[in-house]
file my_file_27.cif (mmCIF, C-alpha atoms)
data_coords
#
loop_
_atom_site.label_atom_id
_atom_site.label_comp_id
_atom_site.auth_asym_id
_atom_site.auth_seq_id
_atom_site.Cartn_x
_atom_site.Cartn_y
_atom_site.Cartn_z
CA MET A 1 47.78 -56.37 -35.24
CA ALA A 2 44.47 -58.10 -35.98
CA ARG A 3 46.15 -61.48 -35.68
CA ALA A 4 47.60 -60.53 -32.28
CA ARG A 5 44.18 -59.44 -31.03
CA LEU A 6 42.65 -62.66 -32.28
CA GLY A 7 45.30 -64.66 -30.44
CA THR A 8 44.62 -62.73 -27.24
CA LEU A 9 40.89 -63.37 -27.56
CA LEU A 10 41.49 -67.09 -28.13
CA LEU A 11 43.69 -67.32 -25.05
CA ALA A 12 41.07 -65.53 -22.97
CA PHE A 13 38.37 -67.84 -24.31
CA LEU A 14 40.44 -70.93 -23.50
CA ALA A 15 41.05 -69.66 -19.97
CA LEU A 16 37.33 -69.12 -19.44
CA LEU A 17 36.58 -72.54 -20.89
CA LEU A 18 39.04 -74.25 -18.55
CA SER A 19 37.60 -72.37 -15.59
CA ALA A 20 34.09 -73.40 -16.58
CA CYS A 21 35.19 -77.03 -16.93
CA ASN A 22 36.74 -76.98 -13.47
CA THR A 23 33.57 -75.45 -12.03
CA LEU A 24 31.42 -78.03 -13.81
CA GLN A 25 33.66 -80.84 -12.57
CA SER A 26 33.22 -79.66 -8.99
CA LEU A 27 29.44 -79.70 -9.44
CA LEU A 28 29.35 -83.27 -10.73
CA PRO A 29 28.87 -86.14 -8.24
CA GLN A 30 32.21 -87.22 -6.82
CA PRO A 31 33.11 -90.86 -6.18
CA LYS A 32 32.73 -91.96 -2.58
CA PRO A 33 36.02 -91.60 -0.73
CA PHE A 34 35.45 -94.82 1.23
CA GLU A 35 33.40 -98.01 1.39
CA ALA A 36 32.42 -99.67 4.67
CA GLN A 37 31.81 -103.32 5.44
CA VAL A 38 31.13 -105.33 8.58
CA VAL A 39 33.61 -108.15 9.11
CA GLY A 40 31.51 -111.08 10.29
CA GLU A 41 27.87 -110.87 11.34
CA SER A 42 26.08 -107.54 11.60
CA ASP A 43 23.33 -109.12 13.73
CA GLN A 44 24.37 -110.98 16.87
CA THR A 45 22.67 -112.75 19.77
CA VAL A 46 24.29 -112.67 23.20
CA ALA A 47 23.38 -113.77 26.71
CA PRO A 48 23.06 -111.45 29.72
CA GLY A 49 26.47 -110.61 31.16
CA GLU A 50 28.26 -111.15 27.83
CA THR A 51 29.68 -108.77 25.23
CA ALA A 52 29.08 -108.46 21.51
CA THR A 53 31.91 -107.24 19.30
CA TYR A 54 31.43 -105.94 15.77
CA THR A 55 34.38 -105.22 13.48
CA LEU A 56 34.08 -102.55 10.81
CA ARG A 57 36.60 -102.12 7.98
CA LEU A 58 36.86 -99.27 5.48
CA SER A 59 38.28 -99.33 1.96
CA PHE A 60 39.68 -95.89 1.09
CA ARG A 61 40.06 -94.40 -2.38
CA GLU A 62 43.48 -93.06 -3.25
CA GLY A 63 44.01 -89.67 -1.65
CA ALA A 64 41.01 -89.96 0.68
CA GLY A 65 41.24 -88.32 4.08
CA PRO A 66 40.27 -89.57 7.55
CA VAL A 67 36.76 -90.71 8.43
CA THR A 68 35.06 -90.19 11.79
CA LEU A 69 32.79 -92.85 13.27
CA ARG A 70 30.14 -92.77 15.97
CA VAL A 71 27.48 -95.23 17.16
CA ALA A 72 23.88 -94.03 17.52
CA LEU A 73 20.59 -95.67 18.49
CA ALA A 74 18.20 -96.26 15.59
CA ASP A 75 15.27 -96.16 18.02
CA PRO A 76 12.62 -93.58 16.99
CA CYS A 77 12.54 -92.51 20.64
CA ALA A 78 16.25 -91.60 20.48
CA LYS A 79 15.86 -89.90 17.10
CA GLY A 80 12.97 -87.79 18.35
CA THR A 81 10.54 -89.04 15.71
CA SER A 82 8.38 -90.76 18.35
CA SER A 83 7.07 -89.42 21.63
CA CYS A 84 8.34 -91.70 24.40
CA PRO A 85 7.60 -90.25 27.85
CA GLY A 86 9.71 -91.77 30.62
CA TRP A 87 11.88 -93.80 28.25
CA ASP A 88 15.68 -93.63 28.55
CA THR A 89 16.69 -92.52 25.05
CA SER A 90 20.44 -92.66 25.76
CA ARG A 91 20.65 -96.47 25.58
CA TYR A 92 18.68 -99.62 24.98
CA PRO A 93 17.62 -101.39 28.20
CA GLY A 94 20.43 -103.48 29.64
CA VAL A 95 22.99 -102.69 26.92
CA GLU A 96 25.87 -100.21 26.97
CA HIS A 97 27.10 -99.24 23.49
CA PRO A 98 30.36 -97.53 22.46
CA ARG A 99 30.24 -93.79 22.94
CA GLY A 100 32.37 -90.96 21.65
CA THR A 101 33.96 -90.83 18.20
CA PHE A 102 36.59 -92.92 16.45
CA THR A 103 38.87 -91.91 13.57
CA LEU A 104 39.72 -94.27 10.71
CA THR A 105 42.45 -93.61 8.16
CA PRO A 106 43.98 -95.48 5.20
CA SER A 107 46.75 -96.64 7.55
CA ALA A 108 44.26 -97.65 10.29
CA PRO A 109 41.08 -98.64 8.43
CA GLU A 110 39.56 -101.03 10.99
CA VAL A 111 37.81 -100.68 14.34
CA SER A 112 36.19 -103.11 16.79
CA LEU A 113 33.06 -101.96 18.61
CA THR A 114 32.17 -103.69 21.88
CA PHE A 115 28.67 -103.73 23.35
CA GLN A 116 28.31 -104.77 27.00
CA VAL A 117 25.11 -106.56 28.06
CA ALA A 118 24.24 -106.28 31.76
CA ALA A 119 24.01 -109.47 33.82
CA ASP A 120 20.39 -108.67 34.70
CA ALA A 121 19.39 -107.73 31.13
CA LEU A 122 16.05 -109.17 30.06
CA PRO A 123 15.82 -111.24 26.86
CA GLN A 124 14.42 -109.11 24.05
CA GLY A 125 15.26 -107.38 20.82
CA PRO A 126 16.79 -107.15 18.39
CA PHE A 127 17.95 -103.62 19.10
CA LYS A 128 19.18 -101.64 16.13
CA TYR A 129 22.19 -99.34 16.12
CA GLU A 130 23.55 -97.12 13.36
CA VAL A 131 27.26 -96.69 12.77
CA VAL A 132 27.54 -93.19 11.27
CA LEU A 133 30.65 -92.62 9.13
CA THR A 134 31.55 -89.08 7.98
CA GLY A 135 34.29 -88.04 5.56
CA GLU A 136 34.91 -85.72 2.59
CA ASP A 137 35.01 -86.36 -1.15
CA ALA A 138 37.54 -84.87 -3.58
CA SER A 139 35.62 -81.58 -3.76
CA GLY A 140 35.59 -81.18 0.02
CA LYS A 141 31.90 -81.99 0.33
CA ALA A 142 30.86 -83.97 3.41
CA VAL A 143 29.99 -87.61 2.74
CA GLU A 144 28.05 -89.75 5.22
CA GLU A 145 27.36 -93.47 5.27
CA VAL A 146 25.26 -95.38 7.81
CA VAL A 147 25.87 -99.05 8.61
CA PRO A 148 23.20 -100.89 10.68
CA LEU A 149 24.02 -103.28 13.52
CA TYR A 150 21.55 -105.51 15.39
CA LEU A 151 21.84 -107.03 18.86
CA LYS A 152 19.45 -109.51 20.49
CA VAL A 153 19.55 -110.64 24.13
CA LEU A 154 18.65 -114.30 24.78
CA ASN A 155 19.06 -116.35 27.94
CA PRO A 156 21.50 -119.30 27.78
CA GLY A 157 19.77 -122.49 26.70
CA GLU A 158 16.73 -120.72 25.29
CA ARG A 159 15.78 -121.23 21.68
CA SER A 160 15.28 -118.24 19.42
CA GLY A 161 12.13 -117.66 17.43
CA MET A 162 13.90 -118.55 14.19
CA GLU A 163 15.11 -121.86 15.62
CA ALA A 164 11.53 -122.75 16.54
CA TRP A 165 10.30 -121.57 13.14
CA ASN A 166 12.87 -123.64 11.26
CA PHE A 167 12.10 -126.64 13.48
CA TRP A 168 8.57 -126.69 12.14
CA ARG A 169 9.68 -125.96 8.58
CA SER A 170 11.99 -128.96 8.84
CA TYR A 171 9.11 -131.05 10.20
CA LEU A 172 7.12 -130.13 7.08
CA SER A 173 10.15 -130.84 4.84
CA PHE A 174 10.63 -127.17 3.97
CA SER A 175 14.06 -125.59 3.63
CA PRO A 176 15.19 -123.32 6.49
CA VAL A 177 14.89 -119.54 6.31
CA ARG A 178 16.96 -116.69 7.71
CA GLU A 179 15.67 -113.92 9.92
CA ASP A 180 15.38 -110.40 8.52
CA PRO A 181 16.77 -108.35 11.44
CA GLU A 182 15.25 -105.09 10.19
CA TRP A 183 11.71 -106.49 10.30
CA SER A 184 12.44 -108.06 13.69
CA PHE A 185 13.49 -104.65 15.01
CA TRP A 186 10.23 -103.19 13.70
CA ALA A 187 8.39 -106.01 15.50
CA TRP A 188 10.15 -105.06 18.74
CA LEU A 189 9.00 -101.47 18.24
CA HIS A 190 5.42 -102.67 17.78
CA SER A 191 5.67 -104.86 20.89
CA ARG A 192 6.75 -101.87 22.94
CA TYR A 193 3.90 -99.81 21.52
CA MET A 194 1.37 -102.49 22.50
CA ALA A 195 2.73 -102.86 26.03
CA MET A 196 2.65 -99.12 26.62
CA ASN A 197 -0.74 -98.38 25.08
CA TYR A 198 -2.83 -101.57 24.87
CA PRO A 199 -1.75 -104.04 27.58
CA ASN A 200 -5.09 -105.87 27.45
CA SER A 201 -5.38 -106.29 23.69
CA LEU A 202 -3.23 -107.04 20.66
CA PRO A 203 -3.87 -104.42 17.97
CA HIS A 204 -2.60 -105.06 14.45
CA ASP A 205 -2.05 -101.35 13.86
CA GLU A 206 -0.70 -98.22 15.52
CA ASP A 207 -2.14 -94.76 16.05
CA LEU A 208 0.80 -92.55 15.12
CA SER A 209 -0.46 -89.80 17.43
CA GLN A 210 0.08 -92.01 20.49
CA PRO A 211 3.28 -92.42 22.52
CA PHE A 212 5.81 -94.99 21.25
CA ALA A 213 4.10 -95.22 17.86
CA SER A 214 6.23 -95.30 14.71
CA PRO A 215 5.68 -95.99 10.99
CA GLU A 216 8.04 -98.97 11.28
CA GLY A 217 6.13 -100.49 14.18
CA GLN A 218 2.88 -99.81 12.37
CA GLN A 219 4.03 -101.84 9.38
CA ALA A 220 5.09 -104.69 11.65
CA GLY A 221 1.71 -104.68 13.38
CA ARG A 222 -0.17 -104.79 10.10
CA LYS A 223 1.84 -107.75 8.83
CA GLY A 224 2.47 -109.68 12.05
CA ASN A 225 0.70 -112.57 13.76
CA GLU A 226 -0.05 -112.22 17.47
CA TRP A 227 -1.87 -114.49 19.89
CA GLY A 228 -3.66 -113.70 23.12
CA ASN A 229 -5.03 -115.68 26.06
CA LEU A 230 -2.89 -118.73 25.33
CA THR A 231 -1.88 -120.07 28.72
CA GLN A 232 -0.22 -123.35 27.75
CA ASN A 233 3.16 -123.83 26.22
CA LEU A 234 4.37 -126.43 23.76
CA HIS A 235 7.81 -127.82 24.66
CA LEU A 236 9.76 -128.90 21.60
CA PRO A 237 12.80 -131.04 22.46
CA HIS A 238 15.95 -130.83 20.38
CA THR A 239 15.79 -134.43 19.19
CA PRO A 240 16.19 -135.91 15.71
CA HIS A 241 12.77 -137.57 15.75
CA LYS A 242 9.65 -135.70 14.67
CA PRO A 243 7.07 -135.26 17.42
CA SER A 244 3.39 -135.10 16.62
CA PRO A 245 2.20 -131.62 15.70
CA PRO A 246 -0.23 -129.85 18.04
CA PRO A 247 -3.93 -130.45 17.43
CA PRO A 248 -5.97 -127.74 15.69
CA GLY A 249 -6.69 -124.97 18.14
CA GLY A 250 -4.19 -126.41 20.60
CA PRO A 251 -1.15 -124.78 22.20
CA ARG A 252 1.43 -123.09 20.01
CA PRO A 253 5.22 -122.88 20.32
CA ARG A 254 5.05 -119.30 21.64
CA ALA A 255 2.27 -117.74 23.66
CA TRP A 256 1.47 -114.14 24.46
CA SER A 257 -0.74 -113.24 27.38
CA SER A 258 -2.74 -110.18 26.41
CA ARG A 259 -3.17 -109.23 30.07
CA ARG A 260 0.50 -108.78 30.98
CA MET A 261 2.25 -109.08 27.63
CA THR A 262 3.79 -112.46 28.45
CA CYS A 263 6.04 -114.23 26.00
CA THR A 264 6.53 -117.93 26.75
CA THR A 265 9.61 -119.48 25.22
CA SER A 266 10.14 -123.11 24.30
CA SER A 267 12.16 -123.63 27.49
CA GLY A 268 9.16 -122.67 29.61
CA LYS A 269 10.58 -119.38 30.86
CA ARG A 270 8.42 -116.30 30.64
CA THR A 271 9.19 -112.64 30.16
CA ARG A 272 6.60 -110.23 31.51
CA ALA A 273 6.14 -106.53 30.98
CA ALA A 274 4.18 -104.41 33.45
CA PRO A 275 2.84 -101.88 30.93
CA SER A 276 1.46 -99.49 33.53
CA LEU A 277 4.98 -98.36 34.48
CA ALA A 278 6.07 -96.41 31.43
CA SER A 279 9.23 -95.15 33.12
CA ARG A 280 10.71 -98.66 33.40
CA GLN A 281 12.78 -100.23 30.66
CA LEU A 282 10.53 -103.20 30.00
CA PRO A 283 11.13 -106.51 28.22
CA PHE A 284 9.46 -106.70 24.83
CA PRO A 285 9.61 -110.00 22.95
CA SER A 286 10.32 -109.85 19.24
CA ILE A 287 8.22 -111.54 16.58
CA PRO A 288 10.84 -112.53 14.03
CA THR A 289 9.19 -115.51 12.39
CA GLN A 290 6.80 -113.57 10.17
CA TRP A 291 9.58 -111.78 8.33
CA ALA A 292 12.24 -114.08 6.97
CA SER A 293 14.14 -114.55 3.75
CA ARG A 294 15.33 -117.73 2.13
#

call {"tool": "encode", "arguments": {"input": "my_file_27.cif", "output": "structure tokens"}}
result
Amino acid sequence: MARARLGTLLLAFLALLLSACNTLQSLLPQPKPFEAQVVGESDQTVAPGETATYTLRLSFREGAGPVTLRVALADPCAKGTSSCPGWDTSRYPGVEHPRGTFTLTPSAPEVSLTFQVAADALPQGPFKYEVVLTGEDASGKAVEEVVPLYLKVLNPGERSGMEAWNFWRSYLSFSPVREDPEWSFWAWLHSRYMAMNYPNSLPHDEDLSQPFASPEGQQAGRKGNEWGNLTQNLHLPHTPHKPSPPPPGGPRPRAWSSRRMTCTTSSGKRTRAAPSLASRQLPFPSIPTQWASR
């Protein structure tokens, strides 16, 4: 009789132990049910009237379920973390991004996302988008992953800031560098802040209580180089010879007019922002050359 009772107690203990193990297992972190990667470049430059296509591919773990995908703006104005009166928070100026949701499965793990740039879009950026992927792990808990995409608008024939930067690095026998698109996006945020709040000056900081201010733009302002009242432009031809560098205090490859926020490109074209009209989607030049990686 005693042996039978002992056996019953052992069985009950084992059942409780197994239940506790299962509960503990469900509380432990579960492996991600999927991994996402961008096929090709995650930062692209396109001309007005063209399209940019990004391809995203998922790698699913065995037994993983479907994943939903949506594209969102990473702009603090769209996220509601910055006050942006009069700004269209549903899209970046001149660009239409994919809307709605997409579903990816182990049998259909890839999707192409097309961004349409308007023919009259002004050169600026890069704009940052977030591809939000949502699925479930083995315990049924929601899992989310965010993949950044960057898009810059540049007129045909114009040279980007990084091309100009690497031109001068090559002139000085330095190796080329690559643009950090995240810092360039922060620089665009700071440019917008300056145009909306300080059209006649170039502050190296942001007051976070003001419209269009953001911590990201503030960091860009504190680390960036900006020039004002430079009315001339240095034209740098794409030739193999090395032209003489500009004299000290002379014109620079890019010039910003502090009065109307003018960015002069190497091709001589200018992009102006009328900062008094906050309701317009204005062109804001990026400052990519301060933030680059080898």

call {"tool": "resolve_selection", "arguments": {"input": "my_file_27.cif", "expression": "the PyMOL selection byres ((chain A and resi 85) around 10)", "output": "mmCIF file with C-alpha atoms, keeping the file's coordinate frame"}}
result
data_model
loop_
_atom_site.group_PDB
_atom_site.id
_atom_site.type_symbol
_atom_site.label_atom_id
_atom_site.label_comp_id
_atom_site.auth_asym_id
_atom_site.auth_seq_id
_atom_site.Cartn_x
_atom_site.Cartn_y
_atom_site.Cartn_z
ATOM 1 C CA CYS A 77 12.540 -92.510 20.640
ATOM 2 C CA SER A 82 8.380 -90.760 18.350
ATOM 3 C CA SER A 83 7.070 -89.420 21.630
ATOM 4 C CA CYS A 84 8.340 -91.700 24.400
ATOM 5 C CA GLY A 86 9.710 -91.770 30.620
ATOM 6 C CA TRP A 87 11.880 -93.800 28.250
ATOM 7 C CA ASP A 88 15.680 -93.630 28.550
ATOM 8 C CA THR A 89 16.690 -92.520 25.050
ATOM 9 C CA PRO A 211 3.280 -92.420 22.520
ATOM 10 C CA PHE A 212 5.810 -94.990 21.250
ATOM 11 C CA ALA A 278 6.070 -96.410 31.430
ATOM 12 C CA SER A 279 9.230 -95.150 33.120
#

call {"tool": "resolve_selection", "arguments": {"input": "my_file_27.cif", "expression": "the PyMOL selection byres ((chain A and resi 55) around 12)", "output": "MDAnalysis selection string"}}
result
chainID A and resid 36:43 52:54 56:58 109:115 131 147 149

call {"tool": "resolve_selection", "arguments": {"input": "my_file_27.cif", "expression": "the PyMOL selection byres ((chain A and resi 95) around 6)", "output": "number ranges by chain"}}
result
A: 92-94, 96, 116-117

call {"tool": "atom_distance", "arguments": {"input": "my_file_27.cif", "atom1": "CA of Gly63 in chain A", "atom2": "CA of Pro106 in chain A"}}
result
9.0 Å

call {"tool": "residues_around", "arguments": {"input": "my_file_27.cif", "residues": "Phe185 in chain A", "least_positions_apart": "4", "cutoff": "10 Å", "atoms": "all atoms listed in the file", "output": "JSON, numbers by chain"}}
result
{"A": [74, 75, 125, 126, 127, 128, 150, 151, 152, 180, 181, 189, 190, 191, 216, 217, 220, 286, 287, 288]}

call {"tool": "atom_distance", "arguments": {"input": "my_file_27.cif", "atom1": "CA of Thr45 in chain A", "atom2": "CA of Trp165 in chain A"}}
result
16.6 Å

call {"tool": "atom_distance", "arguments": {"input": "my_file_27.cif", "atom1": "CA of Pro48 in chain A", "atom2": "CA of Gly224 in chain A"}}
result
27.2 Å

call {"tool": "closest_residue", "arguments": {"input": "my_file_27.cif", "among": "A:Asp120, A:Ala187, A:Thr68, A:Gly161", "to": "Val132 in chain A", "atoms": "only C-alpha atoms"}}
result
A:Thr68

call {"tool": "closest_residue", "arguments": {"input": "my_file_27.cif", "among": "A:Glu62, A:Glu182, A:Glu158, A:Asp137", "to": "Val46 in chain A", "atoms": "all atoms listed in the file"}}
result
A:Glu158

call {"tool": "build_atoms", "arguments": {"input": "my_file_27.cif", "residues": "range 165-176 of chain A", "atoms": "all heavy atoms", "output": "CSV table (one decimal), in the frame of the given file"}}
result
chain,number,residue,atom,x,y,z
A,165,TRP,N,10.9,-121.7,14.5
A,165,TRP,CA,10.3,-121.6,13.1
A,165,TRP,C,10.9,-122.6,12.2
A,165,TRP,O,10.2,-123.3,11.5
A,165,TRP,CB,10.5,-120.2,12.6
A,165,TRP,CG,9.8,-119.8,11.3
A,165,TRP,CD1,10.5,-119.6,10.1
A,165,TRP,CD2,8.4,-119.7,11.0
A,165,TRP,NE1,9.6,-119.3,9.1
A,165,TRP,CE2,8.3,-119.4,9.7
A,165,TRP,CE3,7.3,-119.8,11.8
A,165,TRP,CZ2,7.1,-119.2,9.1
A,165,TRP,CZ3,6.1,-119.6,11.2
A,165,TRP,CH2,6.0,-119.3,9.9
A,166,ASN,N,12.2,-122.7,12.2
A,166,ASN,CA,12.9,-123.6,11.3
A,166,ASN,C,12.7,-125.1,11.7
A,166,ASN,O,12.7,-126.0,10.9
A,166,ASN,CB,14.4,-123.3,11.2
A,166,ASN,CG,14.6,-122.2,10.2
A,166,ASN,OD1,14.0,-122.0,9.2
A,166,ASN,ND2,15.6,-121.3,10.5
A,167,PHE,N,12.4,-125.3,13.0
A,167,PHE,CA,12.1,-126.6,13.5
A,167,PHE,C,10.8,-127.1,12.8
A,167,PHE,O,10.8,-128.3,12.3
A,167,PHE,CB,11.9,-126.6,15.0
A,167,PHE,CG,11.5,-128.0,15.6
A,167,PHE,CD1,12.5,-128.9,16.0
A,167,PHE,CD2,10.2,-128.3,15.7
A,167,PHE,CE1,12.1,-130.1,16.5
A,167,PHE,CE2,9.8,-129.6,16.2
A,167,PHE,CZ,10.7,-130.5,16.6
A,168,TRP,N,9.8,-126.3,12.8
A,168,TRP,CA,8.6,-126.7,12.1
A,168,TRP,C,8.7,-126.7,10.6
A,168,TRP,O,8.0,-127.6,10.0
A,168,TRP,CB,7.4,-125.8,12.6
A,168,TRP,CG,7.0,-126.1,14.0
A,168,TRP,CD1,7.4,-125.4,15.1
A,168,TRP,CD2,6.3,-127.2,14.5
A,168,TRP,NE1,6.9,-126.0,16.2
A,168,TRP,CE2,6.2,-127.1,15.9
A,168,TRP,CE3,5.7,-128.3,13.8
A,168,TRP,CZ2,5.5,-128.1,16.6
A,168,TRP,CZ3,5.1,-129.2,14.6
A,168,TRP,CH2,5.0,-129.1,16.0
A,169,ARG,N,9.5,-125.9,10.0
A,169,ARG,CA,9.7,-126.0,8.6
A,169,ARG,C,10.4,-127.3,8.2
A,169,ARG,O,10.0,-127.9,7.2
A,169,ARG,CB,10.5,-124.8,8.1
A,169,ARG,CG,9.8,-123.4,8.1
A,169,ARG,CD,10.7,-122.3,7.5
A,169,ARG,NE,11.0,-122.6,6.1
A,169,ARG,CZ,10.2,-122.3,5.1
A,169,ARG,NH1,9.1,-121.7,5.2
A,169,ARG,NH2,10.6,-122.6,3.8
A,170,SER,N,11.3,-127.7,9.1
A,170,SER,CA,12.0,-129.0,8.8
A,170,SER,C,11.0,-130.1,9.0
A,170,SER,O,11.0,-131.1,8.2
A,170,SER,CB,13.2,-129.1,9.8
A,170,SER,OG,13.8,-130.4,9.7
A,171,TYR,N,10.1,-130.0,10.0
A,171,TYR,CA,9.1,-131.0,10.2
A,171,TYR,C,8.2,-131.2,9.0
A,171,TYR,O,7.8,-132.3,8.6
A,171,TYR,CB,8.3,-130.7,11.4
A,171,TYR,CG,7.2,-131.7,11.7
A,171,TYR,CD1,7.4,-132.8,12.5
A,171,TYR,CD2,5.9,-131.5,11.2
A,171,TYR,CE1,6.4,-133.7,12.7
A,171,TYR,CE2,4.9,-132.4,11.4
A,171,TYR,CZ,5.1,-133.5,12.2
A,171,TYR,OH,4.2,-134.5,12.4
A,172,LEU,N,8.0,-130.1,8.3
A,172,LEU,CA,7.1,-130.1,7.1
A,172,LEU,C,7.9,-130.3,5.8
A,172,LEU,O,7.4,-130.1,4.7
A,172,LEU,CB,6.3,-128.9,7.0
A,172,LEU,CG,5.3,-128.6,8.2
A,172,LEU,CD1,4.7,-127.3,8.1
A,172,LEU,CD2,4.2,-129.7,8.1
A,173,SER,N,9.2,-130.6,6.0
A,173,SER,CA,10.2,-130.8,4.8
A,173,SER,C,10.4,-129.6,4.0
A,173,SER,O,10.6,-129.7,2.8
A,173,SER,CB,9.6,-132.0,4.0
A,173,SER,OG,9.5,-133.2,4.7
A,174,PHE,N,10.3,-128.4,4.6
A,174,PHE,CA,10.6,-127.2,4.0
A,174,PHE,C,12.1,-126.8,4.3
A,174,PHE,O,12.6,-127.2,5.3
A,174,PHE,CB,9.7,-126.0,4.4
A,174,PHE,CG,8.3,-126.2,3.9
A,174,PHE,CD1,7.2,-125.9,4.8
A,174,PHE,CD2,8.0,-126.6,2.6
A,174,PHE,CE1,5.9,-126.1,4.4
A,174,PHE,CE2,6.7,-126.8,2.2
A,174,PHE,CZ,5.7,-126.5,3.1
A,175,SER,N,12.7,-126.0,3.4
A,175,SER,CA,14.1,-125.6,3.6
A,175,SER,C,14.1,-124.5,4.7
A,175,SER,O,13.1,-123.8,4.9
A,175,SER,CB,14.7,-125.0,2.3
A,175,SER,OG,13.9,-124.0,1.9
A,176,PRO,N,15.1,-124.3,5.4
A,176,PRO,CA,15.2,-123.3,6.5
A,176,PRO,C,15.2,-121.9,5.9
A,176,PRO,O,15.5,-121.7,4.7
A,176,PRO,CB,16.5,-123.6,7.2
A,176,PRO,CG,17.3,-124.3,6.2
A,176,PRO,CD,16.4,-125.1,5.4
